[in-house]
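Heads up, the thing below is written out as structure tokens.
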Amino acid sequence: MENQHALHQRAPRNRTLTVSPEEEPIYRERLLNITGPVTSADIEGRIINGDIEQIAGFLPEAFIDLLIADPPYNLTKNFNGREFRERSDGEYAEYLESWFVKLLRLLKKTASIYVCCDWKSSPAVYQVLNRYAIIRNRITWQREKGRGAGANWKNCVEDIWFATPGREYYFNTGAVMVRRKVIAPYRAGGIPKGWEETEEGNFRLTHPSNFWDDISVPYWSMPENTDHPTQKPEKLMAKLILASSAPGDFVFDPFLGSGTTSVTAKKLGRRYSGVEVNTEYCIWAEKRLRRAEEDRSIQGYRDGIFWERNSAPRARARKADGGPPDKRGGTEGGNIQE
């Protein structure tokens, strides 16, 4: 099965993922269908083709270290033949609660939760999370891409709510430091103060904030790109995964889409699983997971450092781009917050 978008002629430099008719049965066979209780070992490293509301009861208790959920926003949108229709704020909150409460028993007491949304659905997400968890923060990321509006402001940001089921949780600030260019370098006694002078330019490491302006949505020229209408960037997922999970922790995504969460978790040495109702999206995700076995790069993340958009020196690009974090901001640190 080659997806409908791939049937059209693509530009020579277009790197958007496609699945050929010969590949389709190979990846389809890999998908997991659940009809009864399973263990975490049964689903580890697997993509579950199904509806999270229907199969949540079959999943094991307290196995999730990090939950990343990217449910349909409160917009009328077609997801490859499955339409999600806009509804009232109250009805949308009821929809969120209908699946979220089923996931609570799957979380470890020290787990972390991230839920993606836009400005319109953000209040409902806060309302539901605040009822069942402890709200820790709201991340806003500037995705840039968005349609202009003649009588309104262009919508180019999204929110990600951060919450935990309990008081204790893992957070590794050192793993998500951002390397930024120094515009006005300041010296004390002739020595750089708070920044590093290198042959490639002047840079400083900054602590991560809850406003992210260094992440682009996937484009046709990026190998991670698919035809999914709301695909999240691997760099965005990498920040969440590195900050809120340790190597070997279990990362779970109940709305996996084209597989970005699982693919990024695999590249970063985490255990993972995800649920996606659309079979074609699952097949795309499986191909991406196969690719991740040979290419662990994450655009914008290199040598354990998140680089400001378009600031990573070209001279440092190499095959190991985005590979295992090294000692400068790797994933071995972290601590339990209370």
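By order of appearance in the structure tokens: chains A, B, ..., then residues from 1 within every chain, and ligands from 1 in the order shown.
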
Excluding His228 (chain A) and residues on its chain fewer than 3 positions from it, collect all residues at most 8 Å away from it, counting only C-alpha atoms, and give them as a PyMOL selection string.
chain A and resi 79+231+257-258+281

Test item, helix (DSSP H, G or I) assignment across region 72-286 of chain A, answer as a PyMOL selection string:
chain A and resi 89-106+122-132+173-176+234-244+260-267+279-286

Let me make sure I understand: among A:Glu61, A:Asn210, A:Asp249, A:Val178, which one has the smallest atom-to-atom distance to Arg302 (chain A) if we use only C-alpha atoms?
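Closest to Arg302 (chain A), using only C-alpha atoms: A:Val178.
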
Please list as a PyMOL selection string every residue within 6 Å of region 160-168 of chain A, counting only C-alpha atoms and excluding residues in the same chain fewer than 4 positions away.
chain A and resi 109-110+112-116+133-139+337-338

Could you go through region 180-282 of chain A and tell me which residues DSSP, when run on the backbone, assigns to strand (DSSP E or B), listing them as a VMD selection string?
chain A and resid 180 to 181 187 to 188 191 to 192 196 to 198 201 to 206 211 to 212 250 to 253 271 to 276
